[in-house]
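Pasted below: target-v7.json, JSON, C-alpha atoms (C1' of nucleotides).
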[["chain", "number", "residue", "atom", "x", "y", "z"],
["A", 31, "MET", "CA", 6.48, 3.97, 4.19],
["A", 32, "LEU", "CA", 3.97, 4.08, 1.35],
["A", 33, "GLY", "CA", 3.12, 0.44, 1.88],
["A", 34, "ASP", "CA", -0.44, 0.86, 3.03],
["A", 35, "ARG", "CA", -3.76, 1.18, 1.34],
["A", 36, "TRP", "CA", -4.24, 4.93, 1.76],
["A", 37, "SER", "CA", -1.03, 6.93, 1.56],
["A", 38, "LEU", "CA", -0.67, 6.76, -2.21],
["A", 39, "LEU", "CA", -4.38, 7.43, -2.68],
["A", 40, "ILE", "CA", -4.06, 10.59, -0.61],
["A", 41, "ILE", "CA", -1.16, 11.72, -2.77],
["A", 42, "ARG", "CA", -3.07, 10.82, -5.90],
["A", 43, "ASP", "CA", -6.01, 12.92, -4.75],
["A", 44, "MET", "CA", -3.65, 15.82, -4.17],
["A", 45, "MET", "CA", -2.04, 15.49, -7.60],
["A", 46, "LEU", "CA", -5.08, 14.66, -9.67],
["A", 47, "ARG", "CA", -7.96, 16.24, -7.80],
["A", 48, "GLY", "CA", -6.10, 19.08, -6.17],
["A", 49, "ALA", "CA", -7.34, 18.10, -2.72],
["A", 50, "ARG", "CA", -5.78, 20.28, -0.06],
["A", 51, "THR", "CA", -7.92, 20.16, 3.08],
["A", 52, "TYR", "CA", -8.90, 17.46, 5.52],
["A", 53, "LYS", "CA", -12.50, 17.68, 4.45],
["A", 54, "GLU", "CA", -11.65, 17.31, 0.77],
["A", 55, "PHE", "CA", -9.65, 14.17, 1.49],
["A", 56, "LEU", "CA", -12.56, 12.71, 3.45],
["A", 57, "GLN", "CA", -14.92, 13.37, 0.58],
["A", 58, "CYS", "CA", -12.73, 11.83, -2.11],
["A", 59, "TYR", "CA", -15.10, 9.00, -2.62],
["A", 60, "GLU", "CA", -13.15, 5.94, -1.62],
["A", 61, "GLY", "CA", -14.21, 6.56, 1.94],
["A", 62, "ILE", "CA", -11.18, 6.68, 4.20],
["A", 63, "ALA", "CA", -12.04, 6.66, 7.92],
["A", 64, "THR", "CA", -11.40, 9.94, 9.66],
["A", 65, "ASN", "CA", -9.01, 8.55, 12.25],
["A", 66, "ILE", "CA", -7.01, 6.75, 9.59],
["A", 67, "LEU", "CA", -6.82, 9.90, 7.48],
["A", 68, "ALA", "CA", -5.49, 11.90, 10.43],
["A", 69, "ASP", "CA", -2.91, 9.19, 11.07],
["A", 70, "ARG", "CA", -1.76, 8.99, 7.45],
["A", 71, "LEU", "CA", -1.47, 12.77, 7.12],
["A", 72, "ARG", "CA", 0.64, 12.80, 10.28],
["A", 73, "LYS", "CA", 2.91, 10.12, 8.87],
["A", 74, "LEU", "CA", 3.20, 11.75, 5.45],
["A", 75, "ILE", "CA", 4.26, 14.93, 7.24],
["A", 76, "ALA", "CA", 6.79, 12.98, 9.31],
["A", 77, "TYR", "CA", 8.19, 11.49, 6.10],
["A", 78, "ARG", "CA", 8.37, 15.01, 4.63],
["A", 79, "ILE", "CA", 6.16, 14.10, 1.69],
["A", 80, "ILE", "CA", 3.59, 16.76, 2.55],
["A", 81, "THR", "CA", 3.48, 19.82, 4.79],
["A", 82, "THR", "CA", 0.67, 21.73, 6.40],
["A", 83, "GLU", "CA", 0.08, 25.37, 7.13],
["A", 84, "PRO", "CA", -2.88, 27.38, 8.41],
["A", 85, "ASP", "CA", -5.21, 29.02, 5.95],
["A", 86, "PRO", "CA", -4.85, 32.79, 6.54],
["A", 87, "SER", "CA", -8.42, 33.42, 5.39],
["A", 88, "ASP", "CA", -10.03, 30.90, 7.75],
["A", 89, "GLY", "CA", -8.57, 29.97, 11.11],
["A", 90, "ARG", "CA", -10.24, 26.58, 11.15],
["A", 91, "LYS", "CA", -8.73, 25.37, 7.91],
["A", 92, "LEU", "CA", -5.36, 23.84, 7.27],
["A", 93, "THR", "CA", -3.89, 23.54, 3.83],
["A", 94, "TYR", "CA", -1.91, 20.44, 2.98],
["A", 95, "ARG", "CA", 0.72, 20.70, 0.33],
["A", 96, "LEU", "CA", 3.16, 18.39, -1.43],
["A", 97, "THR", "CA", 6.85, 18.90, -0.72],
["A", 98, "ALA", "CA", 9.49, 18.45, -3.42],
["A", 99, "LYS", "CA", 9.82, 14.87, -2.27],
["A", 100, "GLY", "CA", 6.08, 14.43, -2.66],
["A", 101, "ILE", "CA", 6.03, 16.05, -6.09],
["A", 102, "ASP", "CA", 8.74, 13.60, -7.12],
["A", 103, "LEU", "CA", 6.17, 10.86, -6.75],
["A", 104, "ALA", "CA", 4.38, 12.17, -9.84],
["A", 105, "PRO", "CA", 6.10, 9.67, -12.18],
["A", 106, "VAL", "CA", 5.13, 6.80, -9.86],
["A", 107, "LEU", "CA", 1.51, 7.93, -9.73],
["A", 108, "THR", "CA", 1.45, 8.51, -13.47],
["A", 109, "GLU", "CA", 2.63, 5.01, -14.21],
["A", 110, "MET", "CA", 0.16, 3.58, -11.72],
["A", 111, "VAL", "CA", -2.75, 5.42, -13.27],
["A", 112, "LEU", "CA", -1.71, 4.32, -16.75],
["A", 113, "TRP", "CA", -1.33, 0.73, -15.61],
["A", 114, "ALA", "CA", -4.72, 0.75, -13.92],
["A", 115, "ALA", "CA", -6.32, 2.32, -16.98],
["A", 116, "ALA", "CA", -4.79, -0.29, -19.26],
["A", 117, "HIS", "CA", -5.69, -3.29, -17.14],
["A", 118, "GLU", "CA", -8.47, -2.52, -14.75],
["A", 119, "ASP", "CA", -10.95, 0.28, -14.62],
["A", 120, "THR", "CA", -11.92, 3.14, -16.84],
["A", 121, "GLY", "CA", -11.47, 6.35, -14.89],
["A", 122, "ASN", "CA", -11.32, 9.70, -16.61],
["A", 123, "GLN", "CA", -10.47, 8.60, -20.11],
["A", 124, "ALA", "CA", -9.52, 12.09, -21.26],
["A", 125, "LEU", "CA", -6.91, 12.58, -18.56],
["A", 126, "VAL", "CA", -5.53, 9.09, -19.07],
["A", 127, "GLU", "CA", -5.10, 9.85, -22.75],
["A", 128, "GLN", "CA", -3.35, 13.10, -21.94],
["A", 129, "MET", "CA", -1.07, 11.30, -19.53],
["A", 130, "ARG", "CA", -0.24, 8.59, -21.99],
["A", 131, "GLU", "CA", 0.41, 10.96, -24.85],
["A", 132, "ASP", "CA", 2.69, 13.23, -22.92],
["A", 133, "LYS", "CA", 3.77, 12.07, -19.51],
["A", 134, "GLU", "CA", 6.34, 14.82, -19.21],
["A", 135, "LYS", "CA", 3.82, 17.52, -19.90],
["A", 136, "PHE", "CA", 1.43, 16.07, -17.37],
["A", 137, "MET", "CA", 4.10, 15.83, -14.68],
["A", 138, "ALA", "CA", 5.28, 19.34, -15.44],
["A", 139, "GLY", "CA", 1.70, 20.43, -14.80],
["A", 140, "VAL", "CA", 1.68, 18.72, -11.44],
["A", 141, "ARG", "CA", 4.93, 20.40, -10.45],
["A", 142, "GLN", "CA", 3.72, 23.77, -11.59],
["A", 143, "ARG", "CA", 0.54, 23.42, -9.60],
["A", 144, "TRP", "CA", 2.37, 22.60, -6.39],
["A", 145, "VAL", "CA", 5.65, 24.44, -6.12],
["A", 146, "SER", "CA", 5.26, 27.68, -4.18],
["A", 147, "SER", "CA", 1.59, 26.81, -4.38],
["A", 148, "PRO", "CA", -0.21, 29.78, -5.98],
["A", 149, "SER", "CA", -2.85, 30.59, -3.37],
["A", 150, "LEU", "CA", -5.66, 28.27, -4.32],
["A", 151, "GLY", "CA", -6.51, 28.84, -7.96],
["A", 152, "ARG", "CA", -5.46, 25.75, -9.86],
["A", 153, "SER", "CA", -2.97, 27.62, -12.00],
["A", 154, "PRO", "CA", -2.74, 26.67, -15.69],
["A", 155, "ARG", "CA", -5.79, 24.58, -16.33],
["A", 156, "SER", "CA", -7.14, 22.36, -13.65],
["A", 157, "VAL", "CA", -6.60, 18.73, -14.40],
["A", 158, "ALA", "CA", -9.74, 16.66, -14.61],
["A", 159, "ILE", "CA", -10.72, 14.02, -12.13],
["A", 160, "PRO", "CA", -10.15, 10.34, -12.80],
["A", 161, "THR", "CA", -10.48, 7.83, -10.02],
["A", 162, "PRO", "CA", -8.65, 4.67, -10.89],
["A", 163, "SER", "CA", -8.44, 2.14, -8.11],
["A", 164, "PHE", "CA", -4.95, 0.75, -8.36],
["B", 262, "MET", "CA", -5.53, -4.63, -5.34],
["B", 263, "LEU", "CA", -1.90, -3.69, -4.84],
["B", 264, "GLY", "CA", -2.77, -1.64, -1.81],
["B", 265, "ASP", "CA", -1.04, -3.70, 0.81],
["B", 266, "ARG", "CA", 2.44, -3.85, 2.17],
["B", 267, "TRP", "CA", 3.61, -6.97, 0.37],
["B", 268, "SER", "CA", 2.19, -7.35, -3.12],
["B", 269, "LEU", "CA", 4.43, -4.79, -4.78],
["B", 270, "LEU", "CA", 7.46, -6.08, -2.88],
["B", 271, "ILE", "CA", 6.79, -9.58, -4.21],
["B", 272, "ILE", "CA", 6.62, -8.21, -7.74],
["B", 273, "ARG", "CA", 9.75, -6.19, -7.15],
["B", 274, "ASP", "CA", 11.59, -9.29, -6.01],
["B", 275, "MET", "CA", 10.48, -11.06, -9.16],
["B", 276, "MET", "CA", 11.61, -8.22, -11.43],
["B", 277, "LEU", "CA", 14.81, -7.25, -9.70],
["B", 278, "ARG", "CA", 15.96, -10.41, -7.99],
["B", 279, "GLY", "CA", 14.45, -12.91, -10.33],
["B", 280, "ALA", "CA", 12.68, -14.70, -7.50],
["B", 281, "ARG", "CA", 10.47, -17.48, -8.81],
["B", 282, "THR", "CA", 9.79, -19.95, -6.01],
["B", 283, "TYR", "CA", 8.01, -19.77, -2.69],
["B", 284, "LYS", "CA", 11.24, -20.33, -0.84],
["B", 285, "GLU", "CA", 12.99, -17.52, -2.67],
["B", 286, "PHE", "CA", 10.22, -15.09, -1.79],
["B", 287, "LEU", "CA", 10.43, -16.11, 1.86],
["B", 288, "GLN", "CA", 14.15, -15.48, 1.90],
["B", 289, "CYS", "CA", 14.00, -12.06, 0.27],
["B", 290, "TYR", "CA", 15.11, -10.40, 3.42],
["B", 291, "GLU", "CA", 12.18, -8.22, 4.40],
["B", 292, "GLY", "CA", 10.70, -11.15, 6.21],
["B", 293, "ILE", "CA", 7.18, -11.78, 5.01],
["B", 294, "ALA", "CA", 5.26, -14.30, 7.10],
["B", 295, "THR", "CA", 4.66, -17.59, 5.34],
["B", 296, "ASN", "CA", 0.88, -17.51, 5.63],
["B", 297, "ILE", "CA", 0.77, -13.95, 4.29],
["B", 298, "LEU", "CA", 3.01, -14.89, 1.38],
["B", 299, "ALA", "CA", 0.74, -17.78, 0.44],
["B", 300, "ASP", "CA", -2.25, -15.47, 0.62],
["B", 301, "ARG", "CA", -0.65, -12.75, -1.50],
["B", 302, "LEU", "CA", 0.51, -15.19, -4.17],
["B", 303, "ARG", "CA", -3.02, -16.57, -4.34],
["B", 304, "LYS", "CA", -4.43, -13.08, -4.79],
["B", 305, "LEU", "CA", -1.83, -12.05, -7.38],
["B", 306, "ILE", "CA", -2.79, -15.15, -9.34],
["B", 307, "ALA", "CA", -6.48, -14.29, -9.00],
["B", 308, "TYR", "CA", -5.71, -10.80, -10.33],
["B", 309, "ARG", "CA", -3.80, -12.40, -13.22],
["B", 310, "ILE", "CA", -0.60, -10.56, -12.35],
["B", 311, "ILE", "CA", 1.35, -13.77, -11.91],
["B", 312, "THR", "CA", 0.83, -17.41, -12.83],
["B", 313, "THR", "CA", 2.23, -20.63, -11.47],
["B", 314, "GLU", "CA", 3.23, -23.92, -13.00],
["B", 315, "PRO", "CA", 4.97, -27.03, -11.75],
["B", 316, "ASP", "CA", 8.70, -27.35, -12.19],
["B", 317, "PRO", "CA", 9.21, -30.36, -14.50],
["B", 318, "SER", "CA", 12.59, -31.14, -12.95],
["B", 319, "ASP", "CA", 11.33, -31.23, -9.36],
["B", 320, "GLY", "CA", 7.79, -32.20, -8.45],
["B", 321, "ARG", "CA", 7.88, -30.29, -5.18],
["B", 322, "LYS", "CA", 8.65, -26.95, -6.74],
["B", 323, "LEU", "CA", 6.32, -24.47, -8.33],
["B", 324, "THR", "CA", 7.56, -21.69, -10.55],
["B", 325, "TYR", "CA", 5.87, -18.33, -10.30],
["B", 326, "ARG", "CA", 5.95, -16.12, -13.33],
["B", 327, "LEU", "CA", 4.80, -12.62, -14.25],
["B", 328, "THR", "CA", 1.98, -12.34, -16.75],
["B", 329, "ALA", "CA", 1.88, -9.57, -19.37],
["B", 330, "LYS", "CA", -0.17, -7.56, -16.90],
["B", 331, "GLY", "CA", 2.49, -8.12, -14.27],
["B", 332, "ILE", "CA", 5.30, -7.19, -16.63],
["B", 333, "ASP", "CA", 3.44, -3.97, -17.37],
["B", 334, "LEU", "CA", 4.11, -2.96, -13.77],
["B", 335, "ALA", "CA", 7.79, -2.53, -14.65],
["B", 336, "PRO", "CA", 7.47, 1.24, -15.20],
["B", 337, "VAL", "CA", 5.71, 1.63, -11.84],
["B", 338, "LEU", "CA", 8.40, -0.34, -10.04],
["B", 339, "THR", "CA", 11.14, 1.50, -11.89],
["B", 340, "GLU", "CA", 9.81, 4.88, -10.83],
["B", 341, "MET", "CA", 9.38, 3.66, -7.26],
["B", 342, "VAL", "CA", 12.94, 2.39, -7.08],
["B", 343, "LEU", "CA", 14.27, 5.65, -8.51],
["B", 344, "TRP", "CA", 12.18, 7.69, -6.09],
["B", 345, "ALA", "CA", 13.33, 5.61, -3.13],
["B", 346, "ALA", "CA", 16.94, 5.87, -4.27],
["B", 347, "ALA", "CA", 16.68, 9.63, -4.61],
["B", 348, "HIS", "CA", 14.97, 10.25, -1.29],
["B", 349, "GLU", "CA", 15.47, 7.39, 1.08],
["B", 350, "ASP", "CA", 17.87, 4.52, 1.07],
["B", 351, "THR", "CA", 20.85, 3.51, -0.96],
["B", 352, "GLY", "CA", 20.18, 0.09, -2.40],
["B", 353, "ASN", "CA", 22.22, -1.24, -5.27],
["B", 354, "GLN", "CA", 23.73, 1.96, -6.59],
["B", 355, "ALA", "CA", 24.88, 0.40, -9.86],
["B", 356, "LEU", "CA", 21.45, -0.82, -10.82],
["B", 357, "VAL", "CA", 19.82, 2.45, -9.81],
["B", 358, "GLU", "CA", 22.27, 4.29, -12.05],
["B", 359, "GLN", "CA", 21.48, 1.93, -14.90],
["B", 360, "MET", "CA", 17.79, 2.44, -14.37],
["B", 361, "ARG", "CA", 18.09, 6.20, -14.25],
["B", 362, "GLU", "CA", 20.29, 6.40, -17.32],
["B", 363, "ASP", "CA", 18.10, 4.23, -19.46],
["B", 364, "LYS", "CA", 14.74, 3.30, -18.10],
["B", 365, "GLU", "CA", 13.60, 1.88, -21.41],
["B", 366, "LYS", "CA", 16.55, -0.42, -21.66],
["B", 367, "PHE", "CA", 16.04, -1.61, -18.12],
["B", 368, "MET", "CA", 12.37, -2.30, -18.67],
["B", 369, "ALA", "CA", 13.10, -4.06, -21.94],
["B", 370, "GLY", "CA", 15.41, -6.31, -19.94],
["B", 371, "VAL", "CA", 12.65, -7.14, -17.52],
["B", 372, "ARG", "CA", 10.29, -8.00, -20.33],
["B", 373, "GLN", "CA", 12.86, -10.14, -22.07],
["B", 374, "ARG", "CA", 13.56, -12.04, -18.89],
["B", 375, "TRP", "CA", 9.92, -12.89, -18.30],
["B", 376, "VAL", "CA", 8.08, -13.41, -21.55],
["B", 377, "SER", "CA", 7.94, -17.08, -22.52],
["B", 378, "SER", "CA", 10.29, -17.46, -19.59],
["B", 379, "PRO", "CA", 13.47, -19.16, -20.88],
["B", 380, "SER", "CA", 13.74, -22.21, -18.60],
["B", 381, "LEU", "CA", 15.55, -20.78, -15.62],
["B", 382, "GLY", "CA", 18.79, -19.17, -16.79],
["B", 383, "ARG", "CA", 18.42, -15.44, -16.42],
["B", 384, "SER", "CA", 18.66, -14.77, -20.12],
["B", 385, "PRO", "CA", 20.73, -11.77, -21.17],
["B", 386, "ARG", "CA", 22.60, -10.74, -18.09],
["B", 387, "SER", "CA", 21.05, -11.13, -14.72],
["B", 388, "VAL", "CA", 20.17, -7.83, -13.15],
["B", 389, "ALA", "CA", 21.85, -7.12, -9.86],
["B", 390, "ILE", "CA", 20.09, -6.99, -6.52],
["B", 391, "PRO", "CA", 19.05, -3.74, -4.94],
["B", 392, "THR", "CA", 16.67, -3.71, -2.03],
["B", 393, "PRO", "CA", 15.06, -0.33, -1.64],
["B", 394, "SER", "CA", 12.27, -0.17, 0.87],
["B", 395, "PHE", "CA", 9.66, 2.02, -0.71],
["C", 143, "DA", "C1'", -24.49, 38.51, 21.81],
["C", 144, "DT", "C1'", -25.68, 34.22, 21.41],
["C", 145, "DA", "C1'", -26.82, 30.12, 18.98],
["C", 146, "DT", "C1'", -25.61, 27.18, 15.35],
["C", 147, "DA", "C1'", -22.55, 25.32, 11.90],
["C", 148, "DT", "C1'", -18.10, 24.03, 10.16],
["C", 149, "DC", "C1'", -13.53, 22.22, 10.45],
["C", 150, "DA", "C1'", -9.94, 19.28, 11.96],
["C", 151, "DC", "C1'", -9.48, 16.27, 14.50],
["C", 152, "DT", "C1'", -9.79, 12.37, 18.96],
["C", 153, "DT", "C1'", -11.76, 8.45, 21.48],
["C", 154, "DG", "C1'", -13.73, 3.88, 22.13],
["C", 155, "DC", "C1'", -14.67, -0.40, 20.52],
["C", 156, "DG", "C1'", -15.70, -4.50, 17.56],
["C", 157, "DA", "C1'", -13.89, -6.65, 13.35],
["C", 158, "DA", "C1'", -10.46, -7.81, 10.26],
["C", 159, "DA", "C1'", -5.67, -8.30, 8.93],
["C", 160, "DT", "C1'", -1.06, -9.45, 10.36],
["C", 161, "DG", "C1'", 2.89, -11.90, 12.45],
["C", 162, "DC", "C1'", 4.76, -15.91, 14.65],
["C", 163, "DA", "C1'", 5.49, -20.67, 15.64],
["C", 164, "DA", "C1'", 4.37, -25.18, 14.87],
["C", 165, "DG", "C1'", 2.50, -28.67, 11.96],
["C", 166, "DT", "C1'", 1.40, -31.32, 7.46],
["C", 167, "DA", "C1'", 1.57, -33.72, 2.97],
["C", 168, "DA", "C1'", 3.99, -34.80, -1.11],
["C", 169, "DA", "C1'", 8.18, -35.37, -3.48],
["C", 170, "DA", "C1'", 13.24, -35.79, -3.44],
["C", 171, "DT", "C1'", 17.59, -37.21, -1.40],
["C", 172, "DG", "C1'", 20.95, -39.97, 1.35],
["D", 27, "DC", "C1'", 13.46, -46.46, 4.31],
["D", 28, "DA", "C1'", 14.62, -42.56, 7.10],
["D", 29, "DT", "C1'", 15.56, -37.75, 6.50],
["D", 30, "DT", "C1'", 15.16, -33.34, 3.96],
["D", 31, "DT", "C1'", 13.15, -30.14, 1.23],
["D", 32, "DT", "C1'", 9.27, -27.63, -0.60],
["D", 33, "DA", "C1'", 4.98, -25.42, -0.41],
["D", 34, "DC", "C1'", 2.09, -24.67, 2.09],
["D", 35, "DT", "C1'", -1.92, -24.69, 6.53],
["D", 36, "DT", "C1'", -3.50, -23.99, 11.29],
["D", 37, "DG", "C1'", -3.96, -21.71, 15.75],
["D", 38, "DC", "C1'", -3.46, -17.91, 18.35],
["D", 39, "DA", "C1'", -1.77, -13.41, 20.15],
["D", 40, "DT", "C1'", -1.06, -8.72, 18.52],
["D", 41, "DT", "C1'", -1.79, -4.92, 15.54],
["D", 42, "DT", "C1'", -4.31, -2.26, 12.43],
["D", 43, "DC", "C1'", -8.70, -0.80, 10.54],
["D", 44, "DG", "C1'", -13.34, 1.01, 10.12],
["D", 45, "DC", "C1'", -17.27, 3.07, 12.14],
["D", 46, "DA", "C1'", -19.81, 6.12, 15.08],
["D", 47, "DA", "C1'", -19.85, 9.42, 18.38],
["D", 48, "DG", "C1'", -17.61, 13.01, 20.59],
["D", 49, "DT", "C1'", -14.51, 17.60, 21.29],
["D", 50, "DG", "C1'", -12.63, 22.17, 20.93],
["D", 51, "DA", "C1'", -11.62, 26.06, 18.22],
["D", 52, "DT", "C1'", -13.18, 29.22, 14.82],
["D", 53, "DA", "C1'", -16.78, 31.16, 11.72],
["D", 54, "DT", "C1'", -21.38, 32.39, 10.38],
["D", 55, "DA", "C1'", -26.34, 33.48, 11.13],
["D", 56, "DT", "C1'", -29.93, 35.61, 13.88]]
Same coordinates, now as structure tokens:
Amino acid sequence: MLGDRWSLLIIRDMMLRGARTYKEFLQCYEGIATNILADRLRKLIAYRIITTEPDPSDGRKLTYRLTAKGIDLAPVLTEMVLWAAAHEDTGNQALVEQMREDKEKFMAGVRQRWVSSPSLGRSPRSVAIPTPSF
Amino acid sequence: MLGDRWSLLIIRDMMLRGARTYKEFLQCYEGIATNILADRLRKLIAYRIITTEPDPSDGRKLTYRLTAKGIDLAPVLTEMVLWAAAHEDTGNQALVEQMREDKEKFMAGVRQRWVSSPSLGRSPRSVAIPTPSF
DNA sequence: ATATATCACTTGCGAAATGCAAGTAAAATG
DNA sequence: CATTTTACTTGCATTTCGCAAGTGATATAT
């Protein structure tokens, strides 16, 4: 279900980078192939981890959004990022520190940014952009 | 690095089922192919997540063991199991309850069971066997 | 109004990863 | 000394992946 190379990275990019459109996912630097991205988004929708809806301000765009089930993956992603930071690469050190110091606060931020998704402005303060490669 | 279908399942089987030998991994019911298992164990060793050493009591057997880096994946696995339990399947309900009620205690148990690995007896009390399919 | 650009994909195809069954070598057991 | 057990390897068919080049609908520029 999440046992492939890309699904969790897509969710991570949503949680940590605030990616919401197809194009943004493609640009998130790891370089997922466009056909694979379309396939994974379809499957994540089927699993009810994300949803999609048209952007009212631009008929071409679709906005992808985490469901409650998807938001519940925040603790998993948090632990993965912390593990990767401790043992592998050095992503965004500031965010990693914030996550380590107060996991709950970080996850609350993720939830707040995604439930009843407030238009597009990243509500409280946008979270910075680390890119650990777990 | 852990972005394939099997690596995390192997680690889960080590943490939750106490699997330590090639044969035990093969039997852990998901049905990994033998060549893939050999490949994944090799890679996990290369990544220093597990180690292997000969079993002194039986020259045919090898014992696989989590390194400190591998043990540090306990929080990730814990959150994954809890997520899967909440949203997908019903594995071992008792263990899931234990994990939810006291994550720290559960993870301490994992660490205790794997550091300086006490021969073979699962030290304190062996943890039961859930099999969530995240 | 028409041409161009953007967006979210799809299609085709070669390459790589996976799954399955059968085989092998070394050590243990009967 | 023959058979089992253990930890693999090998060969091959099938599936998945990655890349490049479309496609169709909508938006923007001239």
(request) Would you kindly return, as number ranges by chain, each protein, DNA or RNA residue with an atom no farther than 9 Å from any atom of stretch 164-172 of chain C, considering only C-alpha atoms (C1' of nucleotides) and excluding same-chain residues fewer than 4 positions away? (result) B: 319-321; D: 28-32, 34-36
(request) Take atom CA of B:His348 and atom CA of A:Tyr94 and report the distance between them in Å, one decimal. (result) 20.2 Å
Return as JSON the box centre and box size in Å, one decimal, for an axis-aligned box around all listed atoms of stretch 344-349 of chain B padded by 5 Å per side.
{"center_x": 14.6, "center_y": 7.9, "center_z": -2.5, "size_x": 14.8, "size_y": 14.6, "size_z": 17.2}
(message) Just want the 12 Å neighbourhood of stretch 39-43 of chain D, counted on all atoms listed in the file, with same-chain residues fewer than 2 positions away dropped. Output as number ranges by chain.
(response) A: 34-36, 62-67, 69; C: 155-163; D: 37, 45
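With distances restricted to all atoms listed in the file, B:Ile271 is the closest residue to B:Leu305 from B:Lys364, B:Pro336, B:Ile271, B:Asp350.
Distances to chain C were evaluated for A:Leu92, A:Cys58, A:Met31, A:Ile41 using only C-alpha atoms (C1' of nucleotides), and the minimum falls at A:Leu92.
By all atoms listed in the file, and with residues fewer than 3 positions from D:DA47 along its chain excluded, the set lying at most 12 Å from it is C:DT152, C:DT153, C:DG154, C:DC155.
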Give me the chain A side of the contact with chain B, cut-off 10 Å, one line per residue showing its nearest atom pair and distance in Å at one decimal, counting all atoms listed in the file, sorted by chain and residue number, as a tab-separated table.
residue	atom	partner	partner_atom	distance
A:Met31	CA	B:Phe395	CA	6.2
A:Leu32	CA	B:Phe395	CA	6.4
A:Gly33	CA	B:Arg266	CA	4.4
A:Asp34	CA	B:Asp265	CA	5.1
A:Arg35	CA	B:Gly264	CA	4.3
A:Trp36	CA	B:Gly264	CA	7.6
A:Ser37	CA	B:Gly264	CA	9.4
A:Leu38	CA	B:Gly264	CA	8.7
A:Leu39	CA	B:Gly264	CA	9.3
A:Tyr77	CA	B:Glu349	CA	9.7
A:Lys99	CA	B:His348	CA	7.0
A:Gly100	CA	B:Trp344	CA	9.7
A:Asp102	CA	B:Trp344	CA	6.9
A:Leu103	CA	B:Trp344	CA	6.8
A:Ala104	CA	B:Glu340	CA	9.1
A:Pro105	CA	B:Glu340	CA	6.2
A:Val106	CA	B:Glu340	CA	5.2
A:Leu107	CA	B:Val337	CA	7.9
A:Thr108	CA	B:Val337	CA	8.3
A:Glu109	CA	B:Val337	CA	5.2
A:Met110	CA	B:Val337	CA	5.9
A:Val111	CA	B:Val337	CA	9.4
A:Leu112	CA	B:Val337	CA	9.3
A:Trp113	CA	B:Leu334	CA	6.8
A:Ala114	CA	B:Leu334	CA	9.6
A:Ala116	CA	B:Lys330	CA	8.9
A:His117	CA	B:Lys330	CA	7.0
A:Glu118	CA	B:Tyr308	CA	9.8
A:Ser163	CA	B:Met262	CA	7.9
A:Phe164	CA	B:Met262	CA	6.2
Would you mind listing, as an mmCIF file with C-alpha atoms (C1' of nucleotides), in the coordinates of the input, all residues of chain C that have at least one atom within 8 Å of chain A, where only C-alpha atoms (C1' of nucleotides) are what counts?
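Wrote out07.cif, looks like this:
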data_model
loop_
_atom_site.group_PDB
_atom_site.id
_atom_site.type_symbol
_atom_site.label_atom_id
_atom_site.label_comp_id
_atom_site.auth_asym_id
_atom_site.auth_seq_id
_atom_site.Cartn_x
_atom_site.Cartn_y
_atom_site.Cartn_z
ATOM 1 C "C1'" DC C 149 -13.530 22.220 10.450
ATOM 2 C "C1'" DA C 150 -9.940 19.280 11.960
ATOM 3 C "C1'" DC C 151 -9.480 16.270 14.500
ATOM 4 C "C1'" DT C 152 -9.790 12.370 18.960
#
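For the pair atom CA of A:Arg141 and atom CA of B:Asn353, the separation is 28.2 Å.
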(message) Please report the interatomic distance between atom CA of B:Leu287 and atom CA of B:Arg361 in Å with one decimal.
(response) 28.6 Å
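Counting only C-alpha atoms (C1' of nucleotides) and comparing D:DT56, D:DG50, D:DG44, D:DA33, the residue that lies closest to chain B is D:DA33.
The closest residue to chain D, picked from B:Arg278, B:Arg303, B:Arg273, B:Arg309 and counting all atoms listed in the file, is B:Arg303.
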(request) Point out the residue among B:Pro315, B:Phe367, B:Ala280, B:Gln359 with the least atom-to-atom distance to chain D, counting only C-alpha atoms (C1' of nucleotides). (result) B:Pro315
